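Inspection log for the structure reproduced underneath, given as structure tokens.
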Amino acid sequence: MLQINYLRENREKAIDGLAKRGLDAQQTIDDILTLDEQRRQAQTDLDSTLAQSNKISKEIGELFKQGRKEEALKLKEKTVSLKVRSKDLQQEMEQKMHALENLLLSLPNVPNPLVKAGKSEADNEEVKQVGAIPSLDDKARPHWEIAEDLNLIKFDLGVKITGAGFPVYQGKGARLQRALINFFLDENQKAGFQEFIPPHFVNEASAYGTGQLPDKEGQMYHIEKDGLYAIPTAEVPITNIFRDEILEGDQLPIKCTAYTPCFRREAGSYGKDVRGLNRLHQFDKVEVVALTKPEDSYEMLDGMVVHVEKILQKLDLPYRILRLCGGDTGFTSAITYDFEVWSAAQKRWLEVSSVSNFETFQTNRMKIRFRNQERKTELLHSLNGSALALPRIVAALLENHQTEDGVAIPQALQAYTGFDKIEK
RNA sequence: GGAGAGAUGGCAGAGUGGUCGAAUGCGGUGGUCUUGAAAACCAUUGACCUUCACGGGUCCGGGGGUUCGAAUCCCUCUCUCUCCGCCA
């Protein structure tokens, strides 16, 4: 949620910025500013009404104490009109506040100046591409064939037990999964991210905090009886650790990492490009989350980008980095870098990580603050990224590193898998 | 699942209708003293809204109610603890 202060002072900037998302926000922002004005007026009126009635109440108390009952009862009558008035003002203020908040919630984050205007993924900028794209012959097989053939992943078995999009990993396939999780966590830890194991279900307040609710309700699995949601990413529980907290300057920056399974309903995204591991309802991901002072967040963002790059390099996977255009940048993000690895058999890029700076968009709603130099509370910046999402990494590993009779395991991973190749 | 107790400031813990944003202790910060530190002493120390400012307002788990007035009374929800049952 954008800060009302920011909009008061940066009306033009916000309108111009949001235009890069293809959004004409002028009317909404002007409505917000009007409501803000009205809300503050109602607040001031309410405050002075309450001040009057507080004063009278004290006087009544005083009179009763002195035994001057008559005068007290007379004074009581005066409060009647004040009471009515304060109730009205209270209602008016709340109504303005809700209207204002609803409009505020409807606005996405204002993109960073680096972000280019654009409608869709076609307009994303390629920042760099690293690693040679392997030229496999036409015999190159897609990962779902390799996985089934080598008994690594059973898609049908998942359908039997649960449903489509819930694969079963087995044998070396399961071991590879565990190896990758440990490898990622170790790399993140070496880079200074503290490891967490959070709950895999969150309550409503947490889902609102990171912005899954109210909009993306249909994307989460919901356990109605207990009011809980299965997490779509570790970002949700991890960021919520700090909800309503005021941190001291010397605790910053905060860097966390966590492995969790992620659950997504992916409603409406059936059909193309969802075969095999490309899109699942349950998948594994290792996430990194950071909280920084406002002036440090872009340095942190750059550091996180470099960090993810290093991991991909260790896995010998060709990758490219995209800076998403306005239209493709997520609702809550000010700037997002997507990482994609080359899928040798599908002959296309697969997104494996998304690193974003949310600035104060998340922390505003969650009230994640720190005490600045003047000892005043100030909102922190929040960032997160995948380091990394497993399924498409596995897909790329199987496809890119396939051999005549199996799959070769990258050097860096061998200490974790305990084997250097997978054969039939 | 059954029975009971409770939720107050960073923590501990008073407060059962009026001047209580809230005693006291600990902790934090600043200072005095000291070569330095400790101890001691002094001062200070919640968040939010509003105002150019003075000031005003809100917040004692959440929501609602009674009252001129609620941390204090009533209703309701959530959570925590103790005992019993069940259980990885």
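So you can find residues: chains in the structure tokens are A, B, ... in the order shown, residues in each start at 1, and ligands are numbered from 1 in order.
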> In region 112-147 of chain A, what's helix (DSSP H, G or I) per DSSP? Answer as a PyMOL selection string?
Replying inline: chain A and resi 121-123+143-147
>> Need the shell around C77 (chain B): protein/DNA/RNA residues with any atom at most 12 Å away, counting only C-alpha atoms (C1' of nucleotides). Skip same-chain ones fewer than 2 positions apart. Format as JSON, numbers by chain?
In response: {"B": [61, 62, 63, 64, 75, 79]}
Filtering to C-alpha atoms (C1' of nucleotides), could you give me those residues as a short mmCIF file (atom, residue, chain, number, x, y, z; two decimals), in the first residue's frame?
data_model
loop_
_atom_site.label_atom_id
_atom_site.label_comp_id
_atom_site.auth_asym_id
_atom_site.auth_seq_id
_atom_site.Cartn_x
_atom_site.Cartn_y
_atom_site.Cartn_z
"C1'" G B 61 -5.56 -8.74 23.58
"C1'" G B 62 -9.71 -7.70 19.10
"C1'" G B 63 -14.87 -6.14 18.40
"C1'" G B 64 -19.50 -4.42 20.54
"C1'" C B 75 -21.62 -9.38 25.87
"C1'" C B 79 -4.98 -16.12 22.23
#
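Among the candidates B:A3, B:A47, B:A37, B:A71, the one nearest to C20 (chain B) when counting only C-alpha atoms (C1' of nucleotides) is B:A71.
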>> Select, as a list in words, those residues of chain A with any atom no more than 6 Å from chain B (distances computed using only C-alpha atoms (C1' of nucleotides)).
In response: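 Selected residues: Asp47, Ser57, Gly61 and Lys76 of chain A.
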Okay, now the selection with all heavy atoms, as a JSON list (two decimals), in the first residue's frame?
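Okay, this is what ended up in result.json:
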[["chain", "number", "residue", "atom", "x", "y", "z"],
["A", 47, "ASP", "N", -12.05, 15.45, 17.31],
["A", 47, "ASP", "CA", -11.14, 15.66, 18.44],
["A", 47, "ASP", "C", -11.61, 16.78, 19.34],
["A", 47, "ASP", "O", -11.59, 16.67, 20.56],
["A", 47, "ASP", "CB", -9.72, 15.95, 17.93],
["A", 47, "ASP", "CG", -9.02, 14.70, 17.44],
["A", 47, "ASP", "OD1", -9.64, 13.62, 17.53],
["A", 47, "ASP", "OD2", -7.88, 14.79, 16.96],
["A", 57, "SER", "N", -17.03, 15.88, 31.52],
["A", 57, "SER", "CA", -17.04, 14.68, 32.37],
["A", 57, "SER", "C", -16.20, 14.89, 33.62],
["A", 57, "SER", "O", -16.57, 14.46, 34.72],
["A", 57, "SER", "CB", -16.49, 13.49, 31.59],
["A", 57, "SER", "OG", -17.41, 13.08, 30.62],
["A", 61, "GLY", "N", -17.48, 14.83, 37.54],
["A", 61, "GLY", "CA", -16.81, 14.04, 38.57],
["A", 61, "GLY", "C", -16.46, 14.90, 39.78],
["A", 61, "GLY", "O", -16.68, 14.51, 40.92],
["A", 76, "LYS", "N", -24.92, 17.27, 33.11],
["A", 76, "LYS", "CA", -25.11, 16.03, 32.35],
["A", 76, "LYS", "C", -25.88, 16.29, 31.07],
["A", 76, "LYS", "O", -25.58, 15.71, 30.02],
["A", 76, "LYS", "CB", -25.88, 15.02, 33.19],
["A", 76, "LYS", "CG", -25.03, 14.00, 33.89],
["A", 76, "LYS", "CD", -25.91, 12.86, 34.34],
["A", 76, "LYS", "CE", -25.22, 12.01, 35.38],
["A", 76, "LYS", "NZ", -26.05, 10.87, 35.78]]
>> Can you pull out the residues contacting Glu62 (chain A)? Cut-off 12 Å, using only C-alpha atoms (C1' of nucleotides), and skip same-chain residues under 2 positions away; I want them as a ChimeraX atom specification.
In response: /A:55-60,64-69,71-72,75 /B:18-19,68-69
Atoms to include: C-alpha atoms (C1' of nucleotides). Write the selected residues as a compact mmCIF listing (two decimals), in the first residue's frame.
# COMPACT_ATOMS: atom_id res chain seq x y z
CA LYS A 55 -13.76 18.37 30.03
CA ILE A 56 -17.40 18.23 31.10
CA SER A 57 -17.04 14.68 32.37
CA LYS A 58 -14.21 15.78 34.58
CA GLU A 59 -16.27 18.65 35.90
CA ILE A 60 -19.15 16.31 36.68
CA PHE A 64 -20.14 14.76 42.57
CA LYS A 65 -17.11 14.61 44.79
CA GLN A 66 -18.06 17.91 46.34
CA GLY A 67 -21.63 16.71 46.77
CA ARG A 68 -23.05 19.31 44.43
CA LYS A 69 -25.47 16.87 42.86
CA GLU A 71 -25.21 21.13 39.37
CA ALA A 72 -23.79 17.83 38.22
CA LEU A 75 -24.22 19.55 33.45
C1' G B 18 -13.72 9.67 37.91
C1' U B 19 -7.64 14.03 37.75
C1' C B 68 -21.83 12.25 31.92
C1' G B 69 -17.23 9.29 32.59
>> Using only C-alpha atoms (C1' of nucleotides), which protein or nucleic acid residues come within 6 Å of Ile231 (chain A)? Drop anything in the same chain fewer than 6 positions from it, and give the result as a list in words.
In response: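 Here the qualifying residues turn out to be His200, Phe201, Cys262 and Phe263 of chain A.
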Serialized selection, C-alpha atoms, as an mmCIF file, in the first residue's frame:
data_model
loop_
_atom_site.group_PDB
_atom_site.id
_atom_site.type_symbol
_atom_site.label_atom_id
_atom_site.label_comp_id
_atom_site.auth_asym_id
_atom_site.auth_seq_id
_atom_site.Cartn_x
_atom_site.Cartn_y
_atom_site.Cartn_z
ATOM 1 C CA HIS A 200 3.475 -23.590 6.129
ATOM 2 C CA PHE A 201 0.052 -22.178 6.888
ATOM 3 C CA CYS A 262 4.787 -23.627 -1.846
ATOM 4 C CA PHE A 263 1.150 -24.201 -2.657
#
> Could you work out how far CA of Pro108 (chain A) lies from CA of Ala387 (chain A), giving the answer in Å with one decimal?
Replying inline: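 Rounded to one decimal, the two atoms are 24.9 Å apart.
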> Near region 27-38 of chain A, within 10 Å and counting only C-alpha atoms (C1' of nucleotides), which residues show up once chain neighbours fewer than 5 positions away are dropped, as a PyMOL selection string?
Replying inline: chain A and resi 4-5+7-8+11-12+14-15+43-44+92-93+95-104+106-107
Using only C-alpha atoms (C1' of nucleotides), determine which residues lie at most 12 Å from C41 (chain B), disregarding the query and same-chain residues fewer than 2 positions distant; provide the list as a PDB file with C-alpha atoms (C1' of nucleotides), in the first residue's frame.
ATOM      1  C1'   G B  31      24.543  12.950  32.786  1.00  0.00           C
ATOM      2  C1'   U B  32      27.462  13.327  37.658  1.00  0.00           C
ATOM      3  C1'   C B  33      31.492  10.682  39.873  1.00  0.00           C
ATOM      4  C1'   A B  39      28.548   0.620  41.779  1.00  0.00           C
ATOM      5  C1'   A B  43      17.387  13.037  34.731  1.00  0.00           C
TER       6        A B  43
END
>> What does the structure give for the distance between CA of Gly165 (chain A) and CA of Lys285 (chain A), in Å to one decimal?
In response: 15.2 Å
As a PDB file with N, CA, C and O atoms, in the first residue's frame, please: every residue in region 56-301 of chain A that a backbone DSSP assignment puts in strand (DSSP E).
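Contents of selection-v5.pdb, freshly written:
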ATOM      1  N   GLU A 125      13.068  -5.804 -20.422  1.00  0.00           N
ATOM      2  CA  GLU A 125      14.419  -5.554 -20.931  1.00  0.00           C
ATOM      3  C   GLU A 125      15.352  -6.672 -20.499  1.00  0.00           C
ATOM      4  O   GLU A 125      15.395  -7.029 -19.326  1.00  0.00           O
ATOM      5  N   GLU A 126      16.140  -7.158 -21.444  1.00  0.00           N
ATOM      6  CA  GLU A 126      17.150  -8.135 -21.063  1.00  0.00           C
ATOM      7  C   GLU A 126      18.359  -7.378 -20.561  1.00  0.00           C
ATOM      8  O   GLU A 126      18.939  -6.557 -21.264  1.00  0.00           O
ATOM      9  N   VAL A 127      18.729  -7.631 -19.322  1.00  0.00           N
ATOM     10  CA  VAL A 127      19.872  -6.934 -18.724  1.00  0.00           C
ATOM     11  C   VAL A 127      21.168  -7.614 -19.144  1.00  0.00           C
ATOM     12  O   VAL A 127      22.140  -6.982 -19.502  1.00  0.00           O
ATOM     13  N   LYS A 128      21.159  -8.923 -19.086  1.00  0.00           N
ATOM     14  CA  LYS A 128      22.329  -9.687 -19.513  1.00  0.00           C
ATOM     15  C   LYS A 128      21.962 -11.139 -19.746  1.00  0.00           C
ATOM     16  O   LYS A 128      20.947 -11.630 -19.252  1.00  0.00           O
ATOM     17  N   GLN A 129      22.811 -11.803 -20.526  1.00  0.00           N
ATOM     18  CA  GLN A 129      22.648 -13.234 -20.733  1.00  0.00           C
ATOM     19  C   GLN A 129      24.008 -13.873 -20.521  1.00  0.00           C
ATOM     20  O   GLN A 129      25.015 -13.395 -21.041  1.00  0.00           O
ATOM     21  N   VAL A 130      24.038 -14.941 -19.742  1.00  0.00           N
ATOM     22  CA  VAL A 130      25.307 -15.549 -19.369  1.00  0.00           C
ATOM     23  C   VAL A 130      25.273 -17.053 -19.630  1.00  0.00           C
ATOM     24  O   VAL A 130      24.269 -17.708 -19.353  1.00  0.00           O
ATOM     25  N   ILE A 153      10.859 -38.916 -11.159  1.00  0.00           N
ATOM     26  CA  ILE A 153       9.615 -38.237 -10.783  1.00  0.00           C
ATOM     27  C   ILE A 153       8.432 -38.980 -11.383  1.00  0.00           C
ATOM     28  O   ILE A 153       8.447 -39.346 -12.562  1.00  0.00           O
ATOM     29  N   LYS A 154       7.425 -39.240 -10.557  1.00  0.00           N
ATOM     30  CA  LYS A 154       6.223 -39.928 -11.029  1.00  0.00           C
ATOM     31  C   LYS A 154       5.060 -38.942 -11.032  1.00  0.00           C
ATOM     32  O   LYS A 154       4.528 -38.590  -9.979  1.00  0.00           O
ATOM     33  N   VAL A 168       5.307 -36.937  -7.469  1.00  0.00           N
ATOM     34  CA  VAL A 168       6.025 -37.726  -6.467  1.00  0.00           C
ATOM     35  C   VAL A 168       7.470 -37.860  -6.936  1.00  0.00           C
ATOM     36  O   VAL A 168       7.722 -38.245  -8.069  1.00  0.00           O
ATOM     37  N   TYR A 169       8.407 -37.487  -6.069  1.00  0.00           N
ATOM     38  CA  TYR A 169       9.822 -37.639  -6.397  1.00  0.00           C
ATOM     39  C   TYR A 169      10.295 -38.921  -5.748  1.00  0.00           C
ATOM     40  O   TYR A 169       9.907 -39.229  -4.619  1.00  0.00           O
ATOM     41  N   GLN A 194      20.045 -15.497   7.438  1.00  0.00           N
ATOM     42  CA  GLN A 194      19.787 -16.411   8.553  1.00  0.00           C
ATOM     43  C   GLN A 194      18.660 -17.364   8.198  1.00  0.00           C
ATOM     44  O   GLN A 194      17.632 -16.958   7.657  1.00  0.00           O
ATOM     45  N   GLU A 195      18.869 -18.640   8.548  1.00  0.00           N
ATOM     46  CA  GLU A 195      17.895 -19.651   8.140  1.00  0.00           C
ATOM     47  C   GLU A 195      16.699 -19.718   9.090  1.00  0.00           C
ATOM     48  O   GLU A 195      16.853 -19.630  10.306  1.00  0.00           O
ATOM     49  N   PHE A 196      15.513 -19.908   8.516  1.00  0.00           N
ATOM     50  CA  PHE A 196      14.279 -20.056   9.288  1.00  0.00           C
ATOM     51  C   PHE A 196      13.503 -21.259   8.772  1.00  0.00           C
ATOM     52  O   PHE A 196      13.609 -21.614   7.599  1.00  0.00           O
ATOM     53  N   PHE A 201       1.387 -22.772   6.987  1.00  0.00           N
ATOM     54  CA  PHE A 201       0.052 -22.178   6.888  1.00  0.00           C
ATOM     55  C   PHE A 201       0.085 -20.846   7.604  1.00  0.00           C
ATOM     56  O   PHE A 201       0.792 -20.693   8.605  1.00  0.00           O
ATOM     57  N   VAL A 202      -0.673 -19.901   7.081  1.00  0.00           N
ATOM     58  CA  VAL A 202      -0.718 -18.593   7.734  1.00  0.00           C
ATOM     59  C   VAL A 202      -2.166 -18.173   7.968  1.00  0.00           C
ATOM     60  O   VAL A 202      -3.079 -18.660   7.301  1.00  0.00           O
ATOM     61  N   HIS A 222      -7.164 -22.769   0.835  1.00  0.00           N
ATOM     62  CA  HIS A 222      -7.766 -22.187   2.037  1.00  0.00           C
ATOM     63  C   HIS A 222      -8.368 -23.292   2.878  1.00  0.00           C
ATOM     64  O   HIS A 222      -9.148 -24.104   2.388  1.00  0.00           O
ATOM     65  N   ILE A 223      -7.991 -23.322   4.145  1.00  0.00           N
ATOM     66  CA  ILE A 223      -8.613 -24.265   5.071  1.00  0.00           C
ATOM     67  C   ILE A 223      -9.633 -23.487   5.874  1.00  0.00           C
ATOM     68  O   ILE A 223      -9.311 -22.809   6.844  1.00  0.00           O
ATOM     69  N   LEU A 228      -7.181 -20.748   7.846  1.00  0.00           N
ATOM     70  CA  LEU A 228      -5.763 -20.705   7.463  1.00  0.00           C
ATOM     71  C   LEU A 228      -5.580 -20.840   5.949  1.00  0.00           C
ATOM     72  O   LEU A 228      -6.426 -21.397   5.259  1.00  0.00           O
ATOM     73  N   TYR A 229      -4.453 -20.316   5.494  1.00  0.00           N
ATOM     74  CA  TYR A 229      -4.107 -20.414   4.085  1.00  0.00           C
ATOM     75  C   TYR A 229      -2.772 -21.131   3.949  1.00  0.00           C
ATOM     76  O   TYR A 229      -1.824 -20.843   4.688  1.00  0.00           O
ATOM     77  N   ALA A 230      -2.682 -22.051   2.980  1.00  0.00           N
ATOM     78  CA  ALA A 230      -1.404 -22.699   2.680  1.00  0.00           C
ATOM     79  C   ALA A 230      -0.529 -21.663   1.987  1.00  0.00           C
ATOM     80  O   ALA A 230      -0.988 -20.940   1.113  1.00  0.00           O
ATOM     81  N   ILE A 246       9.091  -2.696  15.655  1.00  0.00           N
ATOM     82  CA  ILE A 246       9.950  -1.526  15.487  1.00  0.00           C
ATOM     83  C   ILE A 246      11.369  -1.968  15.788  1.00  0.00           C
ATOM     84  O   ILE A 246      11.673  -2.358  16.918  1.00  0.00           O
ATOM     85  N   LEU A 247      12.218  -1.958  14.766  1.00  0.00           N
ATOM     86  CA  LEU A 247      13.573  -2.473  14.925  1.00  0.00           C
ATOM     87  C   LEU A 247      14.532  -1.338  15.237  1.00  0.00           C
ATOM     88  O   LEU A 247      14.287  -0.183  14.866  1.00  0.00           O
ATOM     89  N   GLU A 248      15.613  -1.687  15.904  1.00  0.00           N
ATOM     90  CA  GLU A 248      16.652  -0.698  16.166  1.00  0.00           C
ATOM     91  C   GLU A 248      17.594  -0.640  14.962  1.00  0.00           C
ATOM     92  O   GLU A 248      17.794  -1.645  14.275  1.00  0.00           O
ATOM     93  N   ILE A 254      18.242  -6.818   7.986  1.00  0.00           N
ATOM     94  CA  ILE A 254      17.796  -8.155   8.342  1.00  0.00           C
ATOM     95  C   ILE A 254      17.796  -8.994   7.074  1.00  0.00           C
ATOM     96  O   ILE A 254      17.275  -8.566   6.043  1.00  0.00           O
ATOM     97  N   LYS A 255      18.437 -10.150   7.146  1.00  0.00           N
ATOM     98  CA  LYS A 255      18.490 -11.036   5.979  1.00  0.00           C
ATOM     99  C   LYS A 255      18.069 -12.437   6.397  1.00  0.00           C
ATOM    100  O   LYS A 255      18.703 -13.031   7.258  1.00  0.00           O
ATOM    101  N   CYS A 256      17.008 -12.939   5.786  1.00  0.00           N
ATOM    102  CA  CYS A 256      16.481 -14.249   6.155  1.00  0.00           C
ATOM    103  C   CYS A 256      16.419 -15.152   4.937  1.00  0.00           C
ATOM    104  O   CYS A 256      16.231 -14.686   3.815  1.00  0.00           O
ATOM    105  N   THR A 257      16.529 -16.452   5.196  1.00  0.00           N
ATOM    106  CA  THR A 257      16.294 -17.418   4.137  1.00  0.00           C
ATOM    107  C   THR A 257      15.493 -18.565   4.715  1.00  0.00           C
ATOM    108  O   THR A 257      15.576 -18.850   5.900  1.00  0.00           O
ATOM    109  N   ALA A 258      14.672 -19.184   3.882  1.00  0.00           N
ATOM    110  CA  ALA A 258      13.869 -20.304   4.339  1.00  0.00           C
ATOM    111  C   ALA A 258      13.524 -21.211   3.173  1.00  0.00           C
ATOM    112  O   ALA A 258      13.220 -20.743   2.081  1.00  0.00           O
ATOM    113  N   TYR A 259      13.583 -22.500   3.454  1.00  0.00           N
ATOM    114  CA  TYR A 259      13.029 -23.457   2.509  1.00  0.00           C
ATOM    115  C   TYR A 259      11.603 -23.759   2.949  1.00  0.00           C
ATOM    116  O   TYR A 259      11.368 -23.988   4.142  1.00  0.00           O
ATOM    117  N   THR A 260      10.681 -23.746   2.019  1.00  0.00           N
ATOM    118  CA  THR A 260       9.332 -24.248   2.298  1.00  0.00           C
ATOM    119  C   THR A 260       8.762 -24.837   1.011  1.00  0.00           C
ATOM    120  O   THR A 260       9.162 -24.460  -0.083  1.00  0.00           O
ATOM    121  N   PRO A 261       7.833 -25.752   1.170  1.00  0.00           N
ATOM    122  CA  PRO A 261       7.014 -26.086   0.007  1.00  0.00           C
ATOM    123  C   PRO A 261       6.085 -24.900  -0.256  1.00  0.00           C
ATOM    124  O   PRO A 261       5.789 -24.141   0.660  1.00  0.00           O
ATOM    125  N   CYS A 262       5.678 -24.723  -1.492  1.00  0.00           N
ATOM    126  CA  CYS A 262       4.787 -23.627  -1.846  1.00  0.00           C
ATOM    127  C   CYS A 262       3.548 -24.211  -2.509  1.00  0.00           C
ATOM    128  O   CYS A 262       3.655 -25.135  -3.313  1.00  0.00           O
ATOM    129  N   PHE A 263       2.414 -23.667  -2.157  1.00  0.00           N
ATOM    130  CA  PHE A 263       1.150 -24.201  -2.657  1.00  0.00           C
ATOM    131  C   PHE A 263       0.403 -23.138  -3.453  1.00  0.00           C
ATOM    132  O   PHE A 263       0.149 -22.049  -2.942  1.00  0.00           O
ATOM    133  N   GLN A 282       2.086 -27.838  -5.989  1.00  0.00           N
ATOM    134  CA  GLN A 282       2.996 -27.871  -4.841  1.00  0.00           C
ATOM    135  C   GLN A 282       4.413 -27.966  -5.361  1.00  0.00           C
ATOM    136  O   GLN A 282       4.718 -28.839  -6.180  1.00  0.00           O
ATOM    137  N   PHE A 283       5.251 -27.044  -4.922  1.00  0.00           N
ATOM    138  CA  PHE A 283       6.652 -27.123  -5.333  1.00  0.00           C
ATOM    139  C   PHE A 283       7.533 -26.606  -4.204  1.00  0.00           C
ATOM    140  O   PHE A 283       7.061 -25.979  -3.250  1.00  0.00           O
ATOM    141  N   ASP A 284       8.826 -26.894  -4.332  1.00  0.00           N
ATOM    142  CA  ASP A 284       9.777 -26.491  -3.302  1.00  0.00           C
ATOM    143  C   ASP A 284      10.498 -25.228  -3.727  1.00  0.00           C
ATOM    144  O   ASP A 284      10.818 -25.043  -4.896  1.00  0.00           O
ATOM    145  N   LYS A 285      10.738 -24.381  -2.738  1.00  0.00           N
ATOM    146  CA  LYS A 285      11.450 -23.141  -3.062  1.00  0.00           C
ATOM    147  C   LYS A 285      12.249 -22.702  -1.842  1.00  0.00           C
ATOM    148  O   LYS A 285      11.822 -22.854  -0.704  1.00  0.00           O
ATOM    149  N   VAL A 286      13.409 -22.146  -2.101  1.00  0.00           N
ATOM    150  CA  VAL A 286      14.189 -21.514  -1.043  1.00  0.00           C
ATOM    151  C   VAL A 286      14.143 -20.019  -1.328  1.00  0.00           C
ATOM    152  O   VAL A 286      14.453 -19.580  -2.435  1.00  0.00           O
ATOM    153  N   GLU A 287      13.733 -19.283  -0.324  1.00  0.00           N
ATOM    154  CA  GLU A 287      13.471 -17.862  -0.504  1.00  0.00           C
ATOM    155  C   GLU A 287      14.459 -17.032   0.313  1.00  0.00           C
ATOM    156  O   GLU A 287      14.935 -17.479   1.366  1.00  0.00           O
ATOM    157  N   VAL A 288      14.778 -15.848  -0.177  1.00  0.00           N
ATOM    158  CA  VAL A 288      15.524 -14.893   0.650  1.00  0.00           C
ATOM    159  C   VAL A 288      14.693 -13.622   0.809  1.00  0.00           C
ATOM    160  O   VAL A 288      14.033 -13.180  -0.128  1.00  0.00           O
ATOM    161  N   VAL A 289      14.723 -13.101   2.035  1.00  0.00           N
ATOM    162  CA  VAL A 289      13.953 -11.898   2.355  1.00  0.00           C
ATOM    163  C   VAL A 289      14.885 -10.922   3.061  1.00  0.00           C
ATOM    164  O   VAL A 289      15.712 -11.327   3.886  1.00  0.00           O
ATOM    165  N   ALA A 290      14.794  -9.650   2.729  1.00  0.00           N
ATOM    166  CA  ALA A 290      15.643  -8.663   3.405  1.00  0.00           C
ATOM    167  C   ALA A 290      14.841  -7.433   3.802  1.00  0.00           C
ATOM    168  O   ALA A 290      13.879  -7.051   3.131  1.00  0.00           O
ATOM    169  N   LEU A 291      15.227  -6.858   4.929  1.00  0.00           N
ATOM    170  CA  LEU A 291      14.667  -5.581   5.380  1.00  0.00           C
ATOM    171  C   LEU A 291      15.824  -4.620   5.562  1.00  0.00           C
ATOM    172  O   LEU A 291      16.812  -4.954   6.222  1.00  0.00           O
ATOM    173  N   THR A 292      15.720  -3.449   4.964  1.00  0.00           N
ATOM    174  CA  THR A 292      16.821  -2.485   5.061  1.00  0.00           C
ATOM    175  C   THR A 292      16.283  -1.092   5.350  1.00  0.00           C
ATOM    176  O   THR A 292      15.102  -0.813   5.171  1.00  0.00           O
TER     177      THR A 292
END
> Near G21 (chain B), within 10 Å and counting only C-alpha atoms (C1' of nucleotides), which residues show up once chain neighbours fewer than 3 positions away are dropped, as a list in words?
Replying inline: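 Near neighbours after the sequence-gap exclusion: G9, G46, C59 and C60 of chain B.
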With N, CA, C and O atoms (P, O5', C5', C4', C3', O3' and C1' of nucleotides) retained, export the selected residues as an mmCIF file, in the first residue's frame.
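Output file out-v2.cif is given in full below:
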data_model
loop_
_atom_site.group_PDB
_atom_site.id
_atom_site.type_symbol
_atom_site.label_atom_id
_atom_site.label_comp_id
_atom_site.auth_asym_id
_atom_site.auth_seq_id
_atom_site.Cartn_x
_atom_site.Cartn_y
_atom_site.Cartn_z
ATOM 1 P P G B 9 1.494 -4.315 27.868
ATOM 2 O "O5'" G B 9 2.432 -3.035 27.763
ATOM 3 C "C5'" G B 9 3.095 -2.699 26.517
ATOM 4 C "C4'" G B 9 3.721 -1.336 26.664
ATOM 5 C "C3'" G B 9 5.227 -1.358 26.972
ATOM 6 O "O3'" G B 9 5.978 -0.766 25.910
ATOM 7 C "C1'" G B 9 4.012 -0.005 28.526
ATOM 8 P P G B 46 8.012 7.719 26.482
ATOM 9 O "O5'" G B 46 7.507 6.416 25.750
ATOM 10 C "C5'" G B 46 8.422 5.568 25.071
ATOM 11 C "C4'" G B 46 7.608 4.539 24.358
ATOM 12 C "C3'" G B 46 6.886 5.063 23.130
ATOM 13 O "O3'" G B 46 7.724 5.058 22.002
ATOM 14 C "C1'" G B 46 5.375 3.849 24.462
ATOM 15 P P C B 59 -9.638 5.089 23.513
ATOM 16 O "O5'" C B 59 -8.386 4.128 23.355
ATOM 17 C "C5'" C B 59 -8.443 3.040 22.435
ATOM 18 C "C4'" C B 59 -7.067 2.443 22.252
ATOM 19 C "C3'" C B 59 -6.405 1.889 23.509
ATOM 20 O "O3'" C B 59 -6.879 0.594 23.820
ATOM 21 C "C1'" C B 59 -4.832 3.149 22.277
ATOM 22 P P C B 60 -7.295 0.239 25.313
ATOM 23 O "O5'" C B 60 -5.869 -0.124 25.915
ATOM 24 C "C5'" C B 60 -5.137 -1.300 25.509
ATOM 25 C "C4'" C B 60 -4.569 -1.981 26.738
ATOM 26 C "C3'" C B 60 -5.586 -2.826 27.505
ATOM 27 O "O3'" C B 60 -5.098 -4.145 27.568
ATOM 28 C "C1'" C B 60 -4.511 -1.264 28.945
#
